[in-house]
$ cat query-v3.txt   # compact mmCIF, C-alpha atoms
# COMPACT_ATOMS: atom_id res chain seq x y z
CA MET A 14 14.16 22.05 -6.80
CA LYS A 15 15.11 18.43 -7.36
CA ALA A 16 13.46 15.18 -6.26
CA ILE A 17 14.96 11.72 -6.59
CA ILE A 18 12.60 8.76 -6.87
CA TYR A 19 14.03 5.30 -6.31
CA GLY A 20 11.83 3.10 -8.48
CA ALA A 21 9.98 4.07 -11.66
CA GLY A 22 6.94 1.82 -11.38
CA LYS A 23 3.23 2.64 -11.28
CA ILE A 24 3.06 4.48 -7.95
CA SER A 25 6.27 6.34 -8.68
CA ARG A 26 5.12 7.55 -12.10
CA GLY A 27 1.39 7.68 -11.41
CA PHE A 28 1.35 9.41 -8.03
CA LEU A 29 4.68 10.78 -6.78
CA SER A 30 5.65 12.13 -10.18
CA GLN A 31 2.37 13.95 -10.65
CA LEU A 32 2.60 15.67 -7.26
CA LEU A 33 6.22 16.64 -7.89
CA TYR A 34 5.72 17.73 -11.49
CA LEU A 35 2.81 19.99 -10.54
CA ALA A 36 5.01 21.47 -7.78
CA ASP A 37 7.71 22.31 -10.38
CA TYR A 38 10.26 19.78 -9.15
CA GLU A 39 12.91 18.34 -11.42
CA ILE A 40 12.40 14.57 -11.26
CA VAL A 41 15.24 12.05 -11.31
CA TYR A 42 14.35 8.35 -11.53
CA VAL A 43 16.75 5.72 -10.19
CA ASP A 44 15.82 2.16 -11.12
CA ILE A 45 17.32 -1.28 -11.73
CA ASN A 46 15.13 -2.04 -14.77
CA ALA A 47 17.30 -1.16 -17.77
CA ALA A 48 14.50 -1.68 -20.30
CA LEU A 49 12.16 0.68 -18.43
CA LEU A 50 14.88 3.33 -18.11
CA GLU A 51 15.61 3.08 -21.83
CA GLN A 52 11.92 3.46 -22.64
CA LEU A 53 11.65 6.53 -20.39
CA ASN A 54 14.79 8.06 -21.89
CA THR A 55 13.60 7.39 -25.44
CA ARG A 56 10.01 8.62 -25.11
CA LYS A 57 10.88 11.48 -22.74
CA GLN A 58 7.28 11.74 -21.52
CA PHE A 59 4.31 9.74 -20.24
CA THR A 60 0.71 10.34 -19.21
CA VAL A 61 -0.80 10.11 -15.75
CA HIS A 62 -4.43 9.26 -16.56
CA VAL A 63 -6.83 10.17 -13.75
CA MET A 64 -9.74 7.74 -14.03
CA GLY A 65 -13.11 9.45 -14.08
CA ALA A 66 -11.52 12.92 -14.13
CA GLU A 67 -9.55 13.04 -17.37
CA GLU A 68 -9.36 16.83 -17.19
CA LYS A 69 -6.80 16.28 -14.41
CA ASN A 70 -4.51 14.16 -16.62
CA THR A 71 -0.88 15.25 -16.63
CA ILE A 72 1.84 14.64 -19.20
CA ILE A 73 5.09 14.27 -17.26
CA THR A 74 8.17 15.59 -19.06
CA GLY A 75 11.65 16.91 -18.26
CA PHE A 76 12.71 13.97 -16.07
CA ARG A 77 16.08 12.23 -16.10
CA CYS A 78 16.93 8.59 -15.39
CA PHE A 79 19.87 6.73 -13.88
CA SER A 80 20.64 3.10 -13.18
CA LEU A 81 20.68 2.12 -9.52
CA SER A 82 24.09 0.56 -10.12
CA ASP A 83 25.61 3.89 -11.24
CA THR A 84 26.69 4.88 -7.74
CA ALA A 85 28.74 7.91 -8.78
CA ALA A 86 25.96 9.42 -10.93
CA VAL A 87 23.35 8.89 -8.23
CA ALA A 88 25.71 10.46 -5.67
CA ARG A 89 25.98 13.59 -7.83
CA GLU A 90 22.17 13.83 -7.94
CA LEU A 91 21.84 13.25 -4.18
CA LYS A 92 24.22 16.13 -3.44
CA GLU A 93 21.75 18.55 -5.03
CA ALA A 94 18.47 16.86 -4.05
CA ASP A 95 15.81 18.59 -1.96
CA ILE A 96 13.79 15.43 -1.27
CA ALA A 97 13.84 11.73 -2.18
CA PHE A 98 11.23 8.98 -2.34
CA THR A 99 11.29 5.19 -2.58
CA SER A 100 8.74 3.05 -4.40
CA VAL A 101 10.61 -0.20 -4.94
CA GLY A 102 8.59 -2.83 -3.04
CA GLY A 103 9.19 -3.50 0.63
CA LYS A 104 11.18 -6.70 0.04
CA ASN A 105 13.80 -4.64 -1.82
CA LEU A 106 14.38 -2.06 0.92
CA GLN A 107 17.29 -3.90 2.54
CA SER A 108 19.28 -4.05 -0.70
CA LEU A 109 18.26 -0.49 -1.61
CA GLY A 110 19.65 0.69 1.72
CA ALA A 111 23.06 -0.74 0.84
CA THR A 112 23.00 1.02 -2.54
CA ILE A 113 21.92 4.35 -1.05
CA ALA A 114 24.69 4.01 1.54
CA ALA A 115 27.25 3.55 -1.26
CA SER A 116 26.07 6.77 -2.91
CA LEU A 117 26.03 8.63 0.41
CA THR A 118 29.60 7.53 1.08
CA GLU A 119 30.57 9.29 -2.16
CA VAL A 120 28.50 12.35 -1.19
CA PHE A 121 30.12 12.65 2.23
CA LYS A 122 33.59 12.32 0.67
CA THR A 123 32.95 15.28 -1.63
CA GLY A 124 31.53 17.98 0.60
CA GLY A 125 28.25 16.46 1.72
CA LEU A 126 24.64 17.36 1.01
CA LYS A 127 23.48 20.90 0.34
CA GLY A 128 21.28 20.74 3.44
CA ASN A 129 18.97 18.34 5.24
CA LEU A 130 17.54 15.59 3.03
CA ASN A 131 14.39 13.60 3.70
CA ILE A 132 13.79 10.19 2.13
CA ILE A 133 10.09 9.27 2.07
CA THR A 134 9.27 5.54 1.84
CA CYS A 135 6.12 4.81 -0.19
CA GLU A 136 5.90 1.07 0.39
CA ASN A 137 3.17 -1.36 1.40
CA TRP A 138 5.37 -2.91 4.09
CA LYS A 139 5.70 -3.07 7.86
CA ASP A 140 7.89 -0.23 9.21
CA PRO A 141 9.50 0.50 5.83
CA ALA A 142 11.25 3.67 7.01
CA SER A 143 12.90 1.78 9.87
CA VAL A 144 13.95 -1.06 7.56
CA LEU A 145 15.52 1.36 5.08
CA ALA A 146 17.18 3.58 7.69
CA GLU A 147 18.71 0.61 9.52
CA SER A 148 20.01 -0.83 6.25
CA ILE A 149 21.58 2.48 5.19
CA ARG A 150 23.16 2.97 8.62
CA SER A 151 24.60 -0.54 8.74
CA HIS A 152 26.44 0.02 5.44
CA LEU A 153 28.10 3.31 6.47
CA SER A 154 31.29 3.93 8.41
CA ASP A 155 30.85 5.22 11.96
CA GLY A 156 31.62 8.79 10.91
CA ASP A 157 29.29 8.68 7.91
CA ALA A 158 26.59 7.05 10.06
CA ASP A 159 26.76 10.09 12.36
CA LEU A 160 26.40 12.42 9.36
CA PHE A 161 23.44 10.34 8.17
CA GLU A 162 21.73 10.58 11.58
CA ASN A 163 22.25 14.35 11.77
CA THR A 164 21.29 15.39 8.25
CA ILE A 165 18.97 12.78 6.71
CA GLY A 166 15.44 11.87 7.73
CA VAL A 167 13.78 8.65 6.62
CA ALA A 168 10.01 8.95 6.94
CA GLN A 169 7.12 6.65 6.13
CA ALA A 170 4.25 7.65 3.86
CA VAL A 171 0.87 5.99 3.35
CA VAL A 172 -0.02 5.61 -0.34
CA MET A 173 -3.79 5.86 -0.66
CA ARG A 174 -4.05 6.46 -4.41
CA SER A 175 -4.65 3.35 -6.53
CA ALA A 176 -2.69 2.81 -9.75
CA VAL A 177 -3.97 0.04 -12.02
CA ASP A 178 -2.86 -1.70 -15.19
CA PRO A 179 -3.68 0.23 -18.38
CA THR A 180 -5.93 -1.20 -21.07
CA ALA A 181 -4.52 -2.32 -24.41
CA GLU A 182 -6.06 0.77 -26.01
CA MET A 183 -4.30 3.05 -23.50
CA LEU A 184 -0.97 1.30 -24.06
CA GLU A 185 -1.30 1.77 -27.81
CA ARG A 186 -1.51 5.54 -27.26
CA ASP A 187 1.21 5.64 -24.60
CA PRO A 188 3.13 2.51 -23.51
CA LEU A 189 4.14 4.26 -20.27
CA ILE A 190 0.68 5.54 -19.31
CA VAL A 191 -0.44 5.01 -15.69
CA PRO A 192 -4.19 5.01 -14.87
CA VAL A 193 -4.75 6.28 -11.32
CA GLN A 194 -7.51 7.11 -8.88
CA ASP A 195 -8.58 10.73 -8.42
CA PHE A 196 -7.02 10.96 -4.95
CA TRP A 197 -4.28 13.44 -4.13
CA GLN A 198 -3.20 13.18 -0.49
CA LEU A 199 0.04 11.54 0.65
CA PRO A 200 0.28 11.42 4.48
CA VAL A 201 3.89 11.44 5.76
CA ASN A 202 5.17 10.88 9.31
CA ILE A 203 6.32 14.35 10.40
CA ASP A 204 8.18 12.99 13.45
CA SER A 205 10.84 11.45 11.17
CA ILE A 206 11.43 14.60 9.09
CA LYS A 207 14.75 16.43 9.47
CA GLY A 208 14.60 20.21 9.29
CA GLU A 209 11.85 22.13 7.56
CA PRO A 210 9.66 19.79 5.50
CA PRO A 211 9.40 20.71 1.80
CA VAL A 212 6.01 22.14 0.91
CA ILE A 213 4.48 20.03 -1.88
CA LYS A 214 0.75 20.21 -2.55
CA GLY A 215 -0.81 16.87 -1.66
CA ILE A 216 1.80 15.87 0.92
CA ILE A 217 0.33 16.06 4.42
CA TYR A 218 2.83 15.93 7.28
CA GLN A 219 0.88 13.83 9.76
CA GLU A 220 1.23 13.89 13.53
CA ASN A 221 0.40 10.74 15.56
CA PHE A 222 1.37 8.79 12.47
CA ALA A 223 1.27 5.35 14.13
CA GLY A 224 -2.35 5.91 15.08
CA PHE A 225 -3.24 7.18 11.62
CA LEU A 226 -1.48 4.21 10.01
CA GLU A 227 -3.40 1.68 12.10
CA ARG A 228 -6.66 3.46 11.29
CA LYS A 229 -5.77 3.33 7.60
CA ILE A 230 -4.84 -0.37 7.64
CA TYR A 231 -7.93 -1.48 9.57
CA THR A 232 -10.19 0.72 7.45
CA TYR A 233 -8.83 0.67 3.89
CA ASN A 234 -6.92 -2.63 3.87
CA THR A 235 -9.51 -4.49 5.93
CA GLY A 236 -12.34 -3.24 3.75
CA ASN A 237 -10.36 -4.02 0.61
CA ALA A 238 -9.74 -7.60 1.78
CA THR A 239 -13.42 -8.08 2.60
CA ILE A 240 -14.39 -6.99 -0.90
CA ALA A 241 -11.63 -8.93 -2.66
CA TYR A 242 -12.08 -12.31 -0.95
CA LEU A 243 -15.88 -12.30 -1.05
CA GLY A 244 -15.77 -10.89 -4.58
CA TYR A 245 -13.55 -13.75 -5.73
CA LEU A 246 -15.81 -16.37 -4.15
CA LYS A 247 -18.86 -14.73 -5.76
CA LYS A 248 -17.03 -14.53 -9.12
CA CYS A 249 -17.26 -10.71 -9.14
CA TYR A 250 -13.81 -10.23 -10.65
CA ALA A 251 -14.05 -6.44 -11.13
CA LEU A 252 -13.31 -4.70 -7.83
CA ALA A 253 -16.09 -2.12 -8.26
CA ASP A 254 -18.62 -4.86 -9.12
CA ALA A 255 -17.70 -6.68 -5.91
CA ALA A 256 -17.81 -3.49 -3.84
CA ASN A 257 -21.33 -2.76 -5.11
CA ASP A 258 -22.65 -6.32 -4.69
CA LYS A 259 -25.59 -6.25 -2.28
CA PHE A 260 -24.38 -9.12 -0.10
CA ILE A 261 -20.77 -7.93 0.01
CA VAL A 262 -21.89 -4.39 0.89
CA SER A 263 -23.92 -5.79 3.80
CA VAL A 264 -20.83 -7.60 5.12
CA LEU A 265 -18.61 -4.58 4.53
CA ASP A 266 -20.99 -2.35 6.46
CA GLN A 267 -20.95 -4.84 9.33
CA VAL A 268 -17.14 -4.94 9.27
CA TYR A 269 -16.95 -1.15 9.35
CA HIS A 270 -19.51 -0.99 12.15
CA GLU A 271 -17.16 -3.20 14.19
CA THR A 272 -13.82 -1.66 13.21
CA ASN A 273 -15.01 1.93 13.52
CA LYS A 274 -16.00 1.41 17.14
CA ALA A 275 -12.69 -0.25 18.02
CA LEU A 276 -10.55 2.34 16.23
CA SER A 277 -12.41 5.31 17.69
CA LEU A 278 -11.96 3.86 21.18
CA LYS A 279 -8.26 3.07 20.78
CA HIS A 280 -7.22 6.28 19.04
CA LYS A 281 -9.63 8.59 20.86
CA CYS A 282 -11.09 10.03 17.69
CA SER A 283 -14.83 10.57 17.40
CA LEU A 284 -16.92 7.72 16.03
CA ASP A 285 -18.32 10.20 13.51
CA GLU A 286 -14.82 11.07 12.25
CA GLN A 287 -13.84 7.40 11.91
CA THR A 288 -17.15 6.57 10.21
CA LYS A 289 -16.52 9.29 7.62
CA PHE A 290 -13.04 7.83 7.07
CA SER A 291 -14.58 4.40 6.36
CA GLU A 292 -17.19 5.93 4.06
CA GLN A 293 -14.38 7.53 2.07
CA ALA A 294 -12.73 4.12 1.73
CA LYS A 295 -15.99 2.49 0.67
CA ARG A 296 -16.57 5.15 -2.03
CA LYS A 297 -13.08 4.50 -3.38
CA TYR A 298 -13.71 0.80 -3.87
CA GLN A 299 -17.20 1.35 -5.28
CA ASP A 300 -15.96 3.77 -7.95
CA TYR A 301 -16.63 2.19 -11.36
CA ALA A 302 -14.07 4.54 -12.92
CA ILE A 303 -11.35 2.44 -11.25
CA ILE A 304 -10.95 -0.65 -13.42
CA ASP A 305 -9.26 -3.26 -11.24
CA ASP A 306 -9.29 -7.01 -10.59
CA VAL A 307 -10.21 -8.43 -7.18
CA ARG A 308 -7.53 -11.11 -7.62
CA ARG A 309 -4.80 -8.46 -7.63
CA HIS A 310 -6.04 -7.33 -4.20
CA ALA A 311 -6.70 -10.83 -2.84
CA ASN A 312 -3.38 -12.40 -3.80
CA ASP A 313 -0.86 -13.34 -1.10
CA PRO A 314 -3.54 -14.57 1.36
CA ILE A 315 -1.07 -16.20 3.77
CA ARG A 316 0.49 -12.81 4.55
CA LYS A 317 -2.90 -11.12 4.73
CA LEU A 318 -4.14 -13.75 7.20
CA GLY A 319 -1.13 -13.09 9.45
CA PRO A 320 -1.65 -12.38 13.16
CA ASP A 321 -1.10 -8.62 12.91
CA ASP A 322 -2.37 -7.98 9.40
CA ARG A 323 -5.62 -6.47 8.12
CA LEU A 324 -8.01 -9.30 9.08
CA ILE A 325 -6.81 -11.12 12.19
CA GLY A 326 -5.21 -7.92 13.54
CA ALA A 327 -8.49 -6.05 13.17
CA ALA A 328 -10.43 -8.87 14.83
CA LYS A 329 -8.04 -8.97 17.79
CA LEU A 330 -8.39 -5.20 18.19
CA MET A 331 -12.18 -5.60 18.41
CA GLN A 332 -11.80 -8.29 21.03
CA GLN A 333 -9.69 -5.94 23.17
CA TYR A 334 -12.84 -3.82 23.54
CA ASP A 335 -15.27 -6.76 23.89
CA LEU A 336 -16.84 -5.92 20.53
CA PRO A 337 -18.50 -8.49 18.25
CA VAL A 338 -16.40 -10.06 15.47
CA ASP A 339 -19.20 -11.39 13.27
CA GLY A 340 -18.54 -9.24 10.19
CA ILE A 341 -14.76 -9.56 10.23
CA SER A 342 -15.11 -13.32 10.76
CA ILE A 343 -16.99 -13.57 7.46
CA SER A 344 -14.08 -11.76 5.77
CA ILE A 345 -11.58 -14.15 7.38
CA ALA A 346 -13.68 -17.18 6.40
CA ALA A 347 -13.67 -15.99 2.79
CA ALA A 348 -9.92 -15.41 2.84
CA LEU A 349 -9.31 -18.95 4.13
CA TYR A 350 -11.02 -20.28 0.99
CA TYR A 351 -9.24 -18.06 -1.53
CA ASP A 352 -7.89 -20.58 -4.06
CA ASN A 353 -6.86 -18.58 -7.15
CA PRO A 354 -4.82 -21.14 -9.16
CA THR A 355 -2.57 -18.40 -10.60
CA ASP A 356 -1.39 -17.33 -7.13
CA ALA A 357 1.18 -19.74 -5.69
CA LEU A 358 0.45 -18.64 -2.12
CA ALA A 359 -3.29 -19.20 -2.58
CA VAL A 360 -2.48 -22.68 -3.91
CA SER A 361 -0.31 -23.29 -0.82
CA LEU A 362 -3.10 -22.10 1.46
CA LYS A 363 -5.62 -24.39 -0.22
CA SER A 364 -3.25 -27.35 0.08
CA MET A 365 -2.62 -26.58 3.75
CA ARG A 366 -6.33 -26.32 4.47
CA GLU A 367 -7.27 -29.50 2.58
CA GLN A 368 -4.45 -31.59 4.02
CA HIS A 369 -4.50 -30.40 7.62
CA GLY A 370 -7.84 -28.63 8.14
CA VAL A 371 -8.98 -25.12 9.03
CA ASP A 372 -7.83 -25.43 12.66
CA TYR A 373 -4.27 -25.99 11.47
CA VAL A 374 -4.36 -22.84 9.31
CA LEU A 375 -5.82 -20.79 12.15
CA GLU A 376 -3.10 -21.99 14.50
CA THR A 377 -0.07 -21.84 12.17
CA VAL A 378 -0.90 -18.93 9.84
CA CYS A 379 -3.26 -16.76 11.89
CA LYS A 380 -1.58 -17.65 15.21
CA ILE A 381 -4.88 -17.93 17.08
CA SER A 382 -6.14 -20.77 19.24
CA PRO A 383 -8.53 -23.01 17.26
CA ASP A 384 -10.61 -23.32 20.44
CA GLY A 385 -10.85 -19.58 21.12
CA THR A 386 -13.86 -17.34 20.58
CA LEU A 387 -12.53 -15.80 17.37
CA ALA A 388 -11.71 -19.17 15.80
CA LYS A 389 -15.12 -20.56 16.75
CA THR A 390 -16.84 -17.56 15.16
CA ILE A 391 -14.75 -17.91 11.99
CA LYS A 392 -15.69 -21.59 11.70
CA GLU A 393 -19.36 -20.71 12.20
CA LYS A 394 -19.07 -18.18 9.36
CA ILE A 395 -17.42 -20.79 7.11
CA GLU A 396 -20.49 -23.00 7.60
CA TYR A 397 -22.72 -19.99 6.96
CA LEU A 398 -20.94 -19.19 3.67
CA LYS A 399 -21.22 -22.85 2.68
CA LYS A 400 -24.92 -22.88 3.52
CA ILE A 401 -25.66 -19.89 1.26
CA GLY A 402 -23.47 -21.29 -1.52
CA ILE A 403 -20.60 -18.79 -1.47
CA ILE A 404 -18.08 -21.41 -0.34
CA GLY A 405 -18.40 -24.72 -2.19
CA HIS A 406 -18.68 -27.90 -0.18
CA GLU A 407 -15.45 -29.90 -0.27
$ encode --input "query-v3.txt" --output "structure tokens"
Amino acid sequence: MKAIIYGAGKISRGFLSQLLYLADYEIVYVDINAALLEQLNTRKQFTVHVMGAEEKNTIITGFRCFSLSDTAAVARELKEADIAFTSVGGKNLQSLGATIAASLTEVFKTGGLKGNLNIITCENWKDPASVLAESIRSHLSDGDADLFENTIGVAQAVVMRSAVDPTAEMLERDPLIVPVQDFWQLPVNIDSIKGEPPVIKGIIYQENFAGFLERKIYTYNTGNATIAYLGYLKKCYALADAANDKFIVSVLDQVYHETNKALSLKHKCSLDEQTKFSEQAKRKYQDYAIIDDVRRHANDPIRKLGPDDRLIGAAKLMQQYDLPVDGISISIAAALYYDNPTDALAVSLKSMREQHGVDYVLETVCKISPDGTLAKTIKEKIEYLKKIGIIGHE
């Protein structure tokens, strides 16, 4: 059995590869990074290091690598592939679609695929499967587009395993090592799968995927943002330190109290089930075995303060059910004051806030009325965080 992975970065090597290797798949990496491909080809192996459970470490071997630009070679691999994955970053999906289409054109010219093929997108992006599928389709002829529709599924996955940067000591032992969280499930949207889905331990073919995805975003991503932004303001730069800070935990618990009620009402799951889901997320972030920096999670605050993202989106969901937004408003207040000087978008946010005021940011970035209930609560929480010294007075 053969799996193609577009992208050979941390999630690709540290999560997808481990699942596939343990399921006895031949792994083929397709990447644009020539230096990384050369390193993989030269070393011929790397370690997936499971933090806090080193007995589960895996040395990945037997893989092959191709350049994304080598259309003919990738086409030959696609003809024999049983499954494919992408882990390239959402902003690269449009261009990847054009490249995949070029390879598929070669495949369709020379007899086609050996059967149905499913491409699983593993991207932190809005509707990545749709973005990729539409890009592929738009770069195919009408006849090949019909073949694509009939034989190839493009399905979205939710990556819930963390992969972090290795320490200098780890890199000395293995320059390709990937430290990862001890989490093994990869939910995939079963509605987008063509034919019989390949059985790979760890992959869960999820029904009602849209509902599951929203629950994941407003549980994991919302909780993560709460920890990261408050952690940065409190100078708790290790993610686990922030997630175990007494004040931050009290806010996080309040956020989950609010989001759990809203999500259980919307998706008609029991409050107990959703609460357990949030407790699982909280344990992940509180795990000291995961060495990570809050700034990595807090960066790009303008996107994360967007109207449908993890903070404002969660708050608006609560308001749909007339639920309080006190906890989430503290998270939003903290995000508005994220000013990491090494993050250009945080610098832009700070400049916007200082030049035009909080109301301007709420209206232009968050797309909420500065006179509405949510905005008023956020501004109250800004004053609260200033009063207790977490936000400095400007």
$ closest_residue --input "query-v3.txt" --among "A:Ile230, A:Ile403, A:Met183, A:Leu33" --to "Trp197 in chain A" --atoms "all atoms listed in the file"
A:Leu33
$ residues_around --input "query-v3.txt" --residues "Gln333 in chain A" --least-positions-apart "3" --cutoff "10 Å" --atoms "only C-alpha atoms" --output "PyMOL selection string"
chain A and resi 275+279+328-330+336
$ closest_residue --input "query-v3.txt" --among "A:Gln267, A:Asn312, A:Ser277, A:Thr390" --to "Gly340 in chain A" --atoms "only C-alpha atoms"
A:Gln267
$ closest_residue --input "query-v3.txt" --among "A:Lys392, A:Arg77, A:Arg89, A:Lys289" --to "Glu119 in chain A" --atoms "all atoms listed in the file"
A:Arg89
$ closest_residue --input "query-v3.txt" --among "A:Ala241, A:Cys282, A:Val41, A:Val378" --to "Val262 in chain A" --atoms "only C-alpha atoms"
A:Ala241
$ decode --input "query-v3.txt" --residues "range 20-79 of chain A" --atoms "C-alpha atoms" --output "mmCIF file, in the first residue's frame"
data_model
loop_
_atom_site.group_PDB
_atom_site.id
_atom_site.type_symbol
_atom_site.label_atom_id
_atom_site.label_comp_id
_atom_site.auth_asym_id
_atom_site.auth_seq_id
_atom_site.Cartn_x
_atom_site.Cartn_y
_atom_site.Cartn_z
ATOM 1 C CA GLY A 20 4.535 18.474 2.312
ATOM 2 C CA ALA A 21 7.278 17.058 4.525
ATOM 3 C CA GLY A 22 7.034 19.410 7.493
ATOM 4 C CA LYS A 23 6.387 18.726 11.170
ATOM 5 C CA ILE A 24 2.791 17.469 10.975
ATOM 6 C CA SER A 25 3.562 15.411 7.891
ATOM 7 C CA ARG A 26 6.580 13.698 9.441
ATOM 8 C CA GLY A 27 5.463 13.795 13.068
ATOM 9 C CA PHE A 28 1.855 12.643 12.730
ATOM 10 C CA LEU A 29 0.784 11.395 9.295
ATOM 11 C CA SER A 30 3.995 9.477 8.741
ATOM 12 C CA GLN A 31 3.785 7.705 12.077
ATOM 13 C CA LEU A 32 0.199 6.554 11.472
ATOM 14 C CA LEU A 33 1.065 5.387 7.961
ATOM 15 C CA TYR A 34 4.354 3.736 8.883
ATOM 16 C CA LEU A 35 2.724 1.754 11.691
ATOM 17 C CA ALA A 36 0.025 0.683 9.203
ATOM 18 C CA ASP A 37 2.732 -0.655 6.829
ATOM 19 C CA TYR A 38 2.234 1.967 4.126
ATOM 20 C CA GLU A 39 5.002 2.933 1.740
ATOM 21 C CA ILE A 40 5.414 6.695 2.191
ATOM 22 C CA VAL A 41 6.199 9.087 -0.650
ATOM 23 C CA TYR A 42 6.939 12.722 0.214
ATOM 24 C CA VAL A 43 6.333 15.460 -2.348
ATOM 25 C CA ASP A 44 7.730 18.849 -1.358
ATOM 26 C CA ILE A 45 9.065 22.095 -2.809
ATOM 27 C CA ASN A 46 11.923 22.411 -0.285
ATOM 28 C CA ALA A 47 14.961 20.991 -2.091
ATOM 29 C CA ALA A 48 17.214 21.166 0.985
ATOM 30 C CA LEU A 49 14.727 19.222 3.117
ATOM 31 C CA LEU A 50 14.272 16.581 0.400
ATOM 32 C CA GLU A 51 18.046 16.189 0.111
ATOM 33 C CA GLN A 52 18.353 15.793 3.873
ATOM 34 C CA LEU A 53 15.610 13.149 3.913
ATOM 35 C CA ASN A 54 17.177 11.299 0.988
ATOM 36 C CA THR A 55 20.637 11.415 2.569
ATOM 37 C CA ARG A 56 19.700 10.364 6.112
ATOM 38 C CA LYS A 57 16.997 7.904 5.006
ATOM 39 C CA GLN A 58 15.353 7.957 8.440
ATOM 40 C CA PHE A 59 14.102 10.228 11.215
ATOM 41 C CA THR A 60 12.588 9.905 14.679
ATOM 42 C CA VAL A 61 9.065 10.749 15.777
ATOM 43 C CA HIS A 62 9.588 11.563 19.468
ATOM 44 C CA VAL A 63 6.408 11.199 21.530
ATOM 45 C CA MET A 64 6.760 13.629 24.427
ATOM 46 C CA GLY A 65 6.147 12.041 27.804
ATOM 47 C CA ALA A 66 5.797 8.565 26.260
ATOM 48 C CA GLU A 67 9.172 7.858 24.680
ATOM 49 C CA GLU A 68 8.386 4.138 24.514
ATOM 50 C CA LYS A 69 6.047 5.068 21.644
ATOM 51 C CA ASN A 70 8.820 6.722 19.605
ATOM 52 C CA THR A 71 9.058 5.534 16.015
ATOM 53 C CA ILE A 72 11.989 5.636 13.602
ATOM 54 C CA ILE A 73 10.516 6.219 10.146
ATOM 55 C CA THR A 74 12.410 4.539 7.306
ATOM 56 C CA GLY A 75 11.796 3.262 3.776
ATOM 57 C CA PHE A 76 10.261 6.482 2.440
ATOM 58 C CA ARG A 77 10.965 8.096 -0.930
ATOM 59 C CA CYS A 78 10.970 11.781 -1.893
ATOM 60 C CA PHE A 79 10.129 13.774 -5.011
#
